[in-house]
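**Student:** Please find one structure pasted underneath; my questions will follow.
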Number of protein chains: 2
Amino acid sequence: MKGERVLGAIEAGGTKWVCGIGTAADGIMEEIVVPTGQPDATLPAVVAAFEDLQGRYGRVTALGVATFGPVGVRPDVAGYGVIQNTPKPGWRGFDFLSAMTACFGARLPMVVETDVNAAALAESRQPANRDCGSLIYLTVGTGIGGGMVLDKRIWKGRGHPEMGHLLVPESSLELASGFSSCPFHQHCLEGKASGTAMRERWGSSAETWPDDHPGWDLEVDYLAAAVVSLTAGWAPERIVFGGGVVESEPLLPMVRERFLELAGGYWEAPPLDQYVVRSSLKNRAGLVGALMLAAEA
Amino acid sequence: MKGERVLGAIEAGGTKWVCGIGTAADGIMEEIVVPTGQPDATLPAVVAAFEDLQGRYGRVTALGVATFGPVGVRPDVAGYGVIQNTPKPGWRGFDFLSAMTACFGARLPMVVETDVNAAALAESRQPANRDCGSLIYLTVGTGIGGGMVLDKRIWKGRGHPEMGHLLVPESSLELASGFSSCPFHQHCLEGKASGTAMRERWGSSAETWPDDHPGWDLEVDYLAAAVVSLTAGWAPERIVFGGGVVESEPLLPMVRERFLELAGGYWEAPPLDQYVVRSSLKNRAGLVGALMLAAEA
């Protein structure tokens with residue numbers, strides 16, 4: 001790492017903050033995990049983690065933050081770096097920029113993004129995806145979220161997308177069940193197909209399900225519907241799935257097959273195993289993306 | 001128009017081609033409408049129309065084409081300017097670039113876009129929308145289609161979006177009806193909410209409906225669901241509705257109200273009468289966009 005700038009990266013999630021240190025060339029060199037509590041318990045632990053890391057690797061010269069949302073991601077708009085309407089106790093209105101300034105000093109360059117936007121950026125820069133001008137990253141875990149990279153830039157509109165709240169038709173496997181785990185939407189993807197929805201719908205966690213559990217067919221139906229809508233809405237070159245739920249080995253091949261059926265021959269489909277793929281960075285995409293953002297801060 | 005470059009614009013639709021001539025400063029100065037038949041009947045009429053127009057205004061120096069899709073819109077990808085998988089008799093595989101070259105000569109700079117992409121570009125440049133960095137144009141007519149402009153550029157992924165084929169939850173007003181006018185998709189927006197769907201579903205054209213026709217509530221439900229999904233997927237600053245169906249005066253205010261209900265308070269909504277608006281260019285957006293594309297060819 002001789003001559004390389006030392007960079008800090010944070011992935012802030014609902015259960016843990018991952019604090020990483022590294023360089024653009026070497027990537028993340030070491031990380032320390034801090035459990036997510038209220039801000040006034042979490043922040044001192046984060047500061048201590050970075051003091052520890054900096055003691056070994058030197059002062060960080062820039063920081064990238066990949067956080068749960070919703071959060072302000074446009075530096076040109078009021079509320080940049082501020083957590084918005086989250087149900088997580090104590091975090092609504094939390095101001096990353098001010099808090100991190102208190103830790104690292106006012107002059108540290110800093111970038112705040114959503115975890116999925118950062119992950120989309122990281123995935124788009126993996127060798128396998130370098131020829132994709134447009135890529136969607138969709139994570140299916142406790143919740144569902146997505147980010148999009150076009151021509152090497154993270155997509156931002158008025159704010160960031162909330163792809164988990166795309167509406168989806170109710171699966172014919174549960175017509176008019178009315179079930180949704182989302183407190184806001186009766187028919188959104190997250191309410192139908194997140195890990196939380198799977199657990200609440202069937203009474204057990206998907207991690208414990210055998211391959212012939214009926215919940216998988218329902219999950220496949222919803223994820224395939226999401227792929228149809230993302231294809232219709234964005235026409236991306238690749239859709240990368242991350243998150244715990246898609247760790248299940250047979251899931252993505254089934255999603256590809258069901259997508260073909262639901263798409264009804266409308267699109268001249270690209271080879272599906274190159275169109276709907278699994279994250280190569282697995283659960284490290286957000287942190288790796290945060291480091292990339294720090295490098296450009 | 002002294003000193004101004006003369007530009008040609010074509011909006012190619014399912015029932016008519018509009019051939020326009022103008023300049024960047026003056027906009028469209030005159031247009032001639034040609035009915036859409038098979039290509040070998042339509043093209044000579046288009047050539048004659050432009051000969052007529054050029055006789056009065058001078059030779060065009062560039063041409064912008066806004067066409068029905070699906071069509072290749074990426075100059076860097078094989079199939080640019082070629083009509084893809086359309087049901088319109090005779091038009092599948094039609095090559096705009098070759099055909100127009102035969103009309104205008106090989107050296108005429110030319111841009112081919114979808115009608116809705118061109119319309120989105122034109123809308124994004126209207127004074128009322130100039131402060132919108134991201135804008136979706138959605139037309140609801142015989143079919144449904146949409147285009148997106150971000151930071152003054154037309155969004156393109158692998159090709160162009162097909163927003164009419166976003167999937168939507170079945171409205172609670174017709175649960176499990178199974179009705180869809182789309183031959184490809186049982187649950188897409190176009191199959192549920194296009195003018196064609198409205199006519200086939202209710203047996204009469206929406207233009208003839210009184211304000212209390214039950215079809216309007218259903219239409220509002222679907223368009224509001226589309227606004228939720230577009231908001232979730234893109235987070236645009238503005239959604240502009242065009243097309244014959246939204247000419248009905250009370251429709252958009254009802255869509256705004258229903259959107260608020262379906263959104264369930266998840267988003268901090270911008271003022272809705274600035275978020276969901278009606279096209280200011282009406283049915284001229286595509287042709288105006290085609291002229292803008294010619295100006296940049």
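In the structure tokens, chains take the letters A, B, ... in the order shown, each chain's residues start at 1, and ligands count up from 1 in the order shown.
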Among region 173-211 of chain B, which residues does DSSP mark as alpha helix (DSSP H) when it is run on the backbone? Keep the chain and numbering as in the structure and answer as a ChimeraX atom specification.
**Tutor:** /B:189-193,195-202
**Student:** Give me, as an NGL selection string, the contact residues of chain B against chain A at a cut-off of 8 Å, counting only C-alpha atoms.
**Tutor:** :B and (85 or 133-134 or 150 or 156-170 or 175-176 or 184-185 or 187 or 225 or 228-237 or 262-266)
**Student:** Excluding region 23-30 of chain A and residues on its chain fewer than 4 positions from it, collect all residues at most 8 Å away from it, counting only C-alpha atoms, and give them as an mmCIF file with C-alpha atoms, in the first residue's frame.
**Tutor:**
data_model
loop_
_atom_site.group_PDB
_atom_site.id
_atom_site.type_symbol
_atom_site.label_atom_id
_atom_site.label_comp_id
_atom_site.auth_asym_id
_atom_site.auth_seq_id
_atom_site.Cartn_x
_atom_site.Cartn_y
_atom_site.Cartn_z
ATOM 1 C CA MET A 1 0.000 0.000 0.000
ATOM 2 C CA GLU A 4 -1.693 4.621 -1.728
ATOM 3 C CA ARG A 5 -4.287 6.814 -0.017
ATOM 4 C CA VAL A 6 -5.836 5.143 3.014
ATOM 5 C CA LEU A 7 -9.624 5.080 2.715
ATOM 6 C CA LEU A 53 -7.906 0.522 12.351
ATOM 7 C CA VAL A 288 -16.711 -2.652 -1.389
ATOM 8 C CA LEU A 291 -14.637 2.044 -0.479
ATOM 9 C CA MET A 292 -14.973 2.848 -4.191
ATOM 10 C CA ALA A 295 -11.717 6.715 -3.523
#
**Student:** I'd like the neighbourhood of Met198 (chain B) as a compact mmCIF listing (two decimals) with all heavy atoms, in the first residue's frame, where a residue qualifies if any of its atoms comes within 12 Å (using only C-alpha atoms), though same-chain residues fewer than 2 positions away should be ignored.
**Tutor:**
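Result saved to out07.txt:
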# COMPACT_ATOMS: atom_id res chain seq x y z
N VAL B 140 -50.86 7.28 -22.54
CA VAL B 140 -51.94 6.31 -22.40
C VAL B 140 -52.92 6.55 -23.53
O VAL B 140 -53.71 7.50 -23.50
CB VAL B 140 -52.64 6.44 -21.03
CG1 VAL B 140 -53.66 5.32 -20.85
CG2 VAL B 140 -51.63 6.44 -19.90
N GLY B 141 -52.79 5.74 -24.57
CA GLY B 141 -53.68 5.87 -25.72
C GLY B 141 -54.10 4.47 -26.14
O GLY B 141 -54.42 3.66 -25.28
N THR B 142 -54.04 4.21 -27.43
CA THR B 142 -54.34 2.86 -27.91
C THR B 142 -53.47 1.85 -27.17
O THR B 142 -53.91 0.79 -26.77
CB THR B 142 -54.05 2.77 -29.42
OG1 THR B 142 -54.62 3.90 -30.05
CG2 THR B 142 -54.62 1.49 -30.01
N GLY B 143 -52.21 2.19 -27.00
CA GLY B 143 -51.29 1.42 -26.17
C GLY B 143 -50.76 2.30 -25.06
O GLY B 143 -51.22 3.43 -24.88
N PHE B 179 -58.87 -10.36 -16.89
CA PHE B 179 -58.91 -9.64 -18.15
C PHE B 179 -57.58 -8.96 -18.47
O PHE B 179 -56.98 -8.33 -17.61
CB PHE B 179 -60.01 -8.56 -18.15
CG PHE B 179 -59.94 -7.73 -19.38
CD1 PHE B 179 -60.50 -8.18 -20.56
CD2 PHE B 179 -59.22 -6.53 -19.40
CE1 PHE B 179 -60.39 -7.45 -21.72
CE2 PHE B 179 -59.11 -5.79 -20.57
CZ PHE B 179 -59.69 -6.26 -21.72
N SER B 180 -57.12 -9.09 -19.69
CA SER B 180 -56.00 -8.31 -20.19
C SER B 180 -56.09 -8.23 -21.70
O SER B 180 -56.32 -9.24 -22.36
CB SER B 180 -54.66 -8.94 -19.80
OG SER B 180 -53.59 -8.30 -20.50
N SER B 181 -55.91 -7.04 -22.25
CA SER B 181 -55.94 -6.92 -23.72
C SER B 181 -54.57 -7.18 -24.33
O SER B 181 -54.42 -7.19 -25.54
CB SER B 181 -56.42 -5.52 -24.12
OG SER B 181 -55.43 -4.55 -23.80
N CYS B 182 -53.56 -7.38 -23.48
CA CYS B 182 -52.20 -7.62 -24.00
C CYS B 182 -52.04 -9.08 -24.38
O CYS B 182 -52.32 -9.96 -23.56
CB CYS B 182 -51.15 -7.22 -22.96
SG CYS B 182 -49.46 -7.61 -23.47
N LEU B 189 -49.63 -3.24 -17.43
CA LEU B 189 -50.36 -1.97 -17.44
C LEU B 189 -51.13 -1.78 -18.74
O LEU B 189 -52.31 -1.41 -18.73
CB LEU B 189 -49.32 -0.85 -17.25
CG LEU B 189 -49.84 0.57 -17.12
CD1 LEU B 189 -50.74 0.70 -15.91
CD2 LEU B 189 -48.68 1.55 -17.05
N GLU B 190 -50.47 -2.03 -19.86
CA GLU B 190 -51.13 -1.85 -21.16
C GLU B 190 -52.34 -2.77 -21.31
O GLU B 190 -53.38 -2.36 -21.83
CB GLU B 190 -50.12 -2.13 -22.29
CG GLU B 190 -50.68 -1.94 -23.67
CD GLU B 190 -49.59 -1.85 -24.74
OE1 GLU B 190 -48.93 -0.81 -24.80
OE2 GLU B 190 -49.38 -2.84 -25.48
N GLY B 191 -52.20 -4.01 -20.82
CA GLY B 191 -53.30 -4.97 -20.91
C GLY B 191 -54.48 -4.61 -20.03
O GLY B 191 -55.60 -5.06 -20.24
N LYS B 192 -54.22 -3.79 -19.03
CA LYS B 192 -55.25 -3.42 -18.06
C LYS B 192 -55.81 -2.02 -18.31
O LYS B 192 -56.98 -1.77 -17.98
CB LYS B 192 -54.66 -3.46 -16.64
CG LYS B 192 -54.33 -4.85 -16.12
CD LYS B 192 -55.61 -5.67 -15.96
CE LYS B 192 -55.38 -6.91 -15.10
NZ LYS B 192 -56.67 -7.65 -14.93
N ALA B 193 -54.98 -1.12 -18.83
CA ALA B 193 -55.36 0.30 -18.74
C ALA B 193 -55.20 1.09 -20.03
O ALA B 193 -55.45 2.29 -20.03
CB ALA B 193 -54.53 0.97 -17.63
N SER B 194 -54.81 0.45 -21.12
CA SER B 194 -54.73 1.20 -22.38
C SER B 194 -56.14 1.49 -22.88
O SER B 194 -57.12 0.88 -22.43
CB SER B 194 -53.97 0.39 -23.42
OG SER B 194 -54.65 -0.82 -23.70
N GLY B 195 -56.24 2.40 -23.84
CA GLY B 195 -57.53 2.66 -24.47
C GLY B 195 -58.13 1.39 -25.05
O GLY B 195 -59.34 1.16 -24.97
N THR B 196 -57.26 0.55 -25.61
CA THR B 196 -57.72 -0.73 -26.16
C THR B 196 -58.32 -1.60 -25.06
O THR B 196 -59.40 -2.20 -25.22
CB THR B 196 -56.54 -1.47 -26.82
OG1 THR B 196 -55.96 -0.61 -27.79
CG2 THR B 196 -56.98 -2.77 -27.46
N GLU B 200 -62.13 -2.95 -24.89
CA GLU B 200 -62.43 -4.39 -24.89
C GLU B 200 -63.08 -4.82 -23.58
O GLU B 200 -63.93 -5.71 -23.57
CB GLU B 200 -61.13 -5.18 -25.13
CG GLU B 200 -60.60 -5.01 -26.55
CD GLU B 200 -59.39 -5.89 -26.84
OE1 GLU B 200 -58.98 -6.68 -25.96
OE2 GLU B 200 -58.84 -5.78 -27.97
N ARG B 201 -62.67 -4.20 -22.49
CA ARG B 201 -63.19 -4.60 -21.18
C ARG B 201 -64.66 -4.21 -21.01
O ARG B 201 -65.44 -4.92 -20.41
CB ARG B 201 -62.33 -3.92 -20.11
CG ARG B 201 -62.81 -4.02 -18.67
CD ARG B 201 -62.46 -5.35 -18.08
NE ARG B 201 -62.72 -5.39 -16.64
CZ ARG B 201 -63.92 -5.45 -16.09
NH1 ARG B 201 -64.98 -5.45 -16.85
NH2 ARG B 201 -64.06 -5.50 -14.78
N TRP B 202 -65.03 -3.04 -21.55
CA TRP B 202 -66.36 -2.49 -21.30
C TRP B 202 -67.24 -2.44 -22.54
O TRP B 202 -68.42 -2.09 -22.46
CB TRP B 202 -66.24 -1.08 -20.70
CG TRP B 202 -65.53 -1.06 -19.38
CD1 TRP B 202 -64.20 -0.81 -19.18
CD2 TRP B 202 -66.08 -1.33 -18.07
NE1 TRP B 202 -63.89 -0.89 -17.84
CE2 TRP B 202 -65.03 -1.21 -17.13
CE3 TRP B 202 -67.36 -1.65 -17.60
CZ2 TRP B 202 -65.20 -1.41 -15.76
CZ3 TRP B 202 -67.54 -1.84 -16.23
CH2 TRP B 202 -66.47 -1.72 -15.33
N GLY B 203 -66.69 -2.73 -23.69
CA GLY B 203 -67.52 -2.79 -24.90
C GLY B 203 -67.80 -1.46 -25.56
O GLY B 203 -68.59 -1.39 -26.50
N SER B 204 -67.16 -0.39 -25.07
CA SER B 204 -67.33 0.91 -25.75
C SER B 204 -66.08 1.73 -25.53
O SER B 204 -65.34 1.52 -24.57
CB SER B 204 -68.55 1.66 -25.18
OG SER B 204 -68.36 1.91 -23.81
N SER B 205 -65.86 2.68 -26.42
CA SER B 205 -64.67 3.50 -26.33
C SER B 205 -64.79 4.50 -25.18
O SER B 205 -65.84 5.09 -24.96
CB SER B 205 -64.46 4.24 -27.65
OG SER B 205 -63.50 5.25 -27.47
N ALA B 206 -63.67 4.69 -24.45
CA ALA B 206 -63.68 5.60 -23.30
C ALA B 206 -64.07 7.01 -23.69
O ALA B 206 -64.59 7.77 -22.85
CB ALA B 206 -62.32 5.58 -22.62
N GLU B 207 -63.84 7.37 -24.95
CA GLU B 207 -64.22 8.73 -25.38
C GLU B 207 -65.72 8.98 -25.24
O GLU B 207 -66.15 10.12 -25.11
CB GLU B 207 -63.85 8.94 -26.86
CG GLU B 207 -62.37 9.08 -27.09
CD GLU B 207 -62.01 8.77 -28.54
OE1 GLU B 207 -62.78 9.17 -29.44
OE2 GLU B 207 -60.96 8.13 -28.76
N THR B 208 -66.51 7.88 -25.29
CA THR B 208 -67.97 8.02 -25.22
C THR B 208 -68.50 7.90 -23.79
O THR B 208 -69.70 8.01 -23.56
CB THR B 208 -68.65 6.92 -26.06
OG1 THR B 208 -68.43 5.64 -25.43
CG2 THR B 208 -68.08 6.87 -27.47
N TRP B 209 -67.60 7.66 -22.83
CA TRP B 209 -68.08 7.40 -21.47
C TRP B 209 -68.51 8.66 -20.74
O TRP B 209 -67.79 9.67 -20.78
CB TRP B 209 -66.98 6.74 -20.63
CG TRP B 209 -66.59 5.37 -21.06
CD1 TRP B 209 -67.08 4.63 -22.08
CD2 TRP B 209 -65.55 4.57 -20.46
NE1 TRP B 209 -66.44 3.42 -22.16
CE2 TRP B 209 -65.50 3.35 -21.17
CE3 TRP B 209 -64.68 4.75 -19.39
CZ2 TRP B 209 -64.60 2.34 -20.85
CZ3 TRP B 209 -63.79 3.75 -19.07
CH2 TRP B 209 -63.75 2.54 -19.79
N HIS B 213 -69.06 6.62 -15.49
CA HIS B 213 -68.86 5.25 -15.99
C HIS B 213 -67.90 4.51 -15.04
O HIS B 213 -66.87 5.05 -14.65
CB HIS B 213 -68.27 5.32 -17.40
CG HIS B 213 -68.24 4.00 -18.11
ND1 HIS B 213 -67.39 2.98 -17.74
CD2 HIS B 213 -68.97 3.52 -19.15
CE1 HIS B 213 -67.59 1.93 -18.55
NE2 HIS B 213 -68.55 2.25 -19.41
N PRO B 214 -68.26 3.29 -14.65
CA PRO B 214 -67.42 2.57 -13.68
C PRO B 214 -66.00 2.28 -14.19
O PRO B 214 -65.10 2.04 -13.39
CB PRO B 214 -68.19 1.27 -13.42
CG PRO B 214 -69.14 1.13 -14.58
CD PRO B 214 -69.46 2.52 -15.03
N GLY B 215 -65.83 2.32 -15.50
CA GLY B 215 -64.50 2.09 -16.05
C GLY B 215 -63.47 3.13 -15.60
O GLY B 215 -62.28 2.84 -15.52
N TRP B 216 -63.92 4.33 -15.29
CA TRP B 216 -62.96 5.37 -14.88
C TRP B 216 -62.28 5.01 -13.56
O TRP B 216 -61.08 5.23 -13.40
CB TRP B 216 -63.64 6.74 -14.76
CG TRP B 216 -64.02 7.35 -16.08
CD1 TRP B 216 -65.27 7.73 -16.48
CD2 TRP B 216 -63.15 7.66 -17.18
NE1 TRP B 216 -65.23 8.26 -17.76
CE2 TRP B 216 -63.94 8.22 -18.21
CE3 TRP B 216 -61.78 7.50 -17.41
CZ2 TRP B 216 -63.41 8.63 -19.44
CZ3 TRP B 216 -61.25 7.92 -18.63
CH2 TRP B 216 -62.05 8.48 -19.62
N ASP B 217 -63.06 4.49 -12.60
CA ASP B 217 -62.45 4.14 -11.31
C ASP B 217 -61.38 3.07 -11.49
O ASP B 217 -60.33 3.11 -10.84
CB ASP B 217 -63.51 3.64 -10.32
CG ASP B 217 -64.34 4.78 -9.75
OD1 ASP B 217 -63.85 5.93 -9.78
OD2 ASP B 217 -65.46 4.52 -9.30
N LEU B 218 -61.68 2.13 -12.36
CA LEU B 218 -60.72 1.07 -12.62
C LEU B 218 -59.46 1.65 -13.27
O LEU B 218 -58.33 1.32 -12.90
CB LEU B 218 -61.37 0.03 -13.55
CG LEU B 218 -60.72 -1.34 -13.64
CD1 LEU B 218 -60.68 -2.01 -12.29
CD2 LEU B 218 -61.47 -2.21 -14.65
N GLU B 219 -59.69 2.55 -14.23
CA GLU B 219 -58.57 3.19 -14.92
C GLU B 219 -57.69 3.97 -13.93
O GLU B 219 -56.45 3.89 -13.97
CB GLU B 219 -59.11 4.11 -16.02
CG GLU B 219 -58.04 4.78 -16.86
CD GLU B 219 -57.29 3.80 -17.76
OE1 GLU B 219 -57.70 2.63 -17.85
OE2 GLU B 219 -56.28 4.21 -18.36
N VAL B 220 -58.35 4.67 -13.04
CA VAL B 220 -57.62 5.45 -12.03
C VAL B 220 -56.77 4.52 -11.16
O VAL B 220 -55.61 4.80 -10.87
CB VAL B 220 -58.63 6.25 -11.15
CG1 VAL B 220 -57.97 6.75 -9.88
CG2 VAL B 220 -59.20 7.41 -11.97
N TYR B 222 -55.44 1.66 -11.91
CA TYR B 222 -54.26 1.14 -12.62
C TYR B 222 -53.23 2.23 -12.87
O TYR B 222 -52.03 2.00 -12.73
CB TYR B 222 -54.68 0.43 -13.91
CG TYR B 222 -55.28 -0.92 -13.63
CD1 TYR B 222 -56.57 -1.24 -14.03
CD2 TYR B 222 -54.55 -1.89 -12.93
CE1 TYR B 222 -57.12 -2.49 -13.74
CE2 TYR B 222 -55.10 -3.12 -12.64
CZ TYR B 222 -56.38 -3.42 -13.04
OH TYR B 222 -56.90 -4.65 -12.74
N VAL B 245 -56.29 9.06 -23.62
CA VAL B 245 -57.11 8.68 -22.46
C VAL B 245 -57.07 9.76 -21.38
O VAL B 245 -58.08 10.04 -20.73
CB VAL B 245 -56.65 7.32 -21.90
CG1 VAL B 245 -57.32 7.02 -20.56
CG2 VAL B 245 -56.97 6.20 -22.90
**Student:** Within 10 Å of Ala49 (chain B), counting only C-alpha atoms, which residues qualify if same-chain residues fewer than 3 places away don't, as a list of chain:residue names?
**Tutor:** B:Val18, B:Cys19, B:Gly20, B:Glu31, B:Ile32, B:Val33, B:Val34, B:Leu43, B:Pro44, B:Ala45, B:Val46, B:Asp52, B:Leu53, B:Gln54, B:Gly55
**Student:** Using only all heavy atoms, please write the residues we just selected to a file, as a compact mmCIF listing (two decimals), in the first residue's frame.
**Tutor:**
# COMPACT_ATOMS: atom_id res chain seq x y z
N VAL B 18 -46.45 11.59 -39.42
CA VAL B 18 -46.46 13.03 -39.53
C VAL B 18 -45.07 13.47 -39.98
O VAL B 18 -44.08 13.14 -39.34
CB VAL B 18 -46.82 13.70 -38.19
CG1 VAL B 18 -46.94 15.21 -38.38
CG2 VAL B 18 -48.11 13.14 -37.63
N CYS B 19 -45.04 14.17 -41.14
CA CYS B 19 -43.77 14.63 -41.71
C CYS B 19 -43.70 16.13 -41.49
O CYS B 19 -44.57 16.86 -41.98
CB CYS B 19 -43.72 14.34 -43.21
SG CYS B 19 -44.02 12.61 -43.61
N GLY B 20 -42.70 16.57 -40.74
CA GLY B 20 -42.62 18.00 -40.42
C GLY B 20 -41.31 18.61 -40.88
O GLY B 20 -40.31 17.91 -41.07
N GLU B 31 -46.39 20.76 -41.54
CA GLU B 31 -46.36 19.30 -41.49
C GLU B 31 -47.38 18.72 -42.46
O GLU B 31 -48.39 19.36 -42.79
CB GLU B 31 -46.60 18.80 -40.06
CG GLU B 31 -47.94 19.19 -39.49
CD GLU B 31 -47.96 19.11 -37.96
OE1 GLU B 31 -47.21 19.85 -37.30
OE2 GLU B 31 -48.74 18.31 -37.44
N ILE B 32 -47.08 17.52 -42.92
CA ILE B 32 -47.99 16.81 -43.83
C ILE B 32 -48.21 15.42 -43.25
O ILE B 32 -47.26 14.75 -42.84
CB ILE B 32 -47.38 16.71 -45.24
CG1 ILE B 32 -47.25 18.11 -45.86
CG2 ILE B 32 -48.24 15.79 -46.14
CD1 ILE B 32 -46.61 18.13 -47.24
N VAL B 33 -49.47 15.02 -43.20
CA VAL B 33 -49.81 13.72 -42.62
C VAL B 33 -49.99 12.68 -43.71
O VAL B 33 -50.67 12.93 -44.71
CB VAL B 33 -51.08 13.83 -41.76
CG1 VAL B 33 -51.54 12.44 -41.28
CG2 VAL B 33 -50.85 14.75 -40.58
N VAL B 34 -49.37 11.52 -43.51
CA VAL B 34 -49.46 10.42 -44.46
C VAL B 34 -50.03 9.21 -43.72
O VAL B 34 -49.54 8.88 -42.64
CB VAL B 34 -48.04 10.08 -45.00
CG1 VAL B 34 -48.04 8.79 -45.79
CG2 VAL B 34 -47.49 11.24 -45.81
N LEU B 43 -43.84 4.76 -47.84
CA LEU B 43 -42.60 5.49 -48.10
C LEU B 43 -42.68 6.46 -49.28
O LEU B 43 -42.24 7.61 -49.15
CB LEU B 43 -41.44 4.52 -48.30
CG LEU B 43 -40.90 3.92 -46.99
CD1 LEU B 43 -39.67 3.08 -47.28
CD2 LEU B 43 -40.57 5.03 -45.99
N PRO B 44 -43.24 6.05 -50.42
CA PRO B 44 -43.33 7.02 -51.51
C PRO B 44 -44.14 8.26 -51.12
O PRO B 44 -43.80 9.38 -51.52
CB PRO B 44 -44.04 6.22 -52.63
CG PRO B 44 -43.74 4.78 -52.30
CD PRO B 44 -43.70 4.71 -50.82
N ALA B 45 -45.17 8.07 -50.30
CA ALA B 45 -45.97 9.21 -49.87
C ALA B 45 -45.16 10.12 -48.95
O ALA B 45 -45.29 11.35 -48.97
CB ALA B 45 -47.23 8.72 -49.15
N VAL B 46 -44.29 9.52 -48.15
CA VAL B 46 -43.43 10.31 -47.26
C VAL B 46 -42.42 11.10 -48.08
O VAL B 46 -42.18 12.30 -47.84
CB VAL B 46 -42.71 9.39 -46.24
CG1 VAL B 46 -41.61 10.14 -45.50
CG2 VAL B 46 -43.73 8.80 -45.25
N ASP B 52 -42.39 18.13 -51.32
CA ASP B 52 -43.31 19.25 -51.23
C ASP B 52 -42.81 20.28 -50.20
O ASP B 52 -42.64 21.48 -50.49
CB ASP B 52 -44.67 18.66 -50.81
CG ASP B 52 -45.81 19.65 -50.96
OD1 ASP B 52 -45.56 20.77 -51.43
OD2 ASP B 52 -46.94 19.29 -50.58
N LEU B 53 -42.52 19.80 -48.99
CA LEU B 53 -42.09 20.70 -47.91
C LEU B 53 -40.76 21.37 -48.25
O LEU B 53 -40.58 22.58 -48.02
CB LEU B 53 -41.95 19.91 -46.60
CG LEU B 53 -43.24 19.37 -45.99
CD1 LEU B 53 -42.94 18.37 -44.87
CD2 LEU B 53 -44.12 20.51 -45.47
N GLN B 54 -39.85 20.58 -48.81
CA GLN B 54 -38.52 21.14 -49.12
C GLN B 54 -38.61 22.17 -50.25
O GLN B 54 -37.81 23.11 -50.30
CB GLN B 54 -37.53 20.02 -49.48
CG GLN B 54 -37.18 19.17 -48.26
CD GLN B 54 -36.16 18.07 -48.55
OE1 GLN B 54 -35.16 17.94 -47.87
NE2 GLN B 54 -36.43 17.27 -49.57
N GLY B 55 -39.59 21.98 -51.13
CA GLY B 55 -39.80 22.97 -52.19
C GLY B 55 -40.11 24.34 -51.60
O GLY B 55 -39.74 25.38 -52.16
**Student:** Give the strand (DSSP E) residues of region 90-262 of chain B, as DSSP finds them on the backbone, and put them as a PyMOL selection string.
**Tutor:** chain B and resi 110-114+134-140+144-150+153-154+238-242
**Student:** Neighbours of Trp17 (chain A) within 7 Å (only C-alpha atoms; same-chain residues fewer than 5 positions away dropped), as a PyMOL selection string?
**Tutor:** chain A and resi 10-12+33-36
**Student:** Please list as a list of chain:residue names every residue within 8 Å of Tyr137 (chain B), counting only C-alpha atoms and excluding residues in the same chain fewer than 5 positions away.
**Tutor:**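 Selected residues are B:Val116, B:Asn117, B:Ala119, B:Ala120, B:Glu123, B:Gly146, B:Gly147, B:Met148, B:Ile239, B:Val240, B:Phe241, B:Gly242.
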**Student:** Give me, please, the distance in Å between CA of Leu281 (chain B) and CA of Leu293 (chain B), quoted to one decimal.
**Tutor:**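 The value is 16.1 Å.
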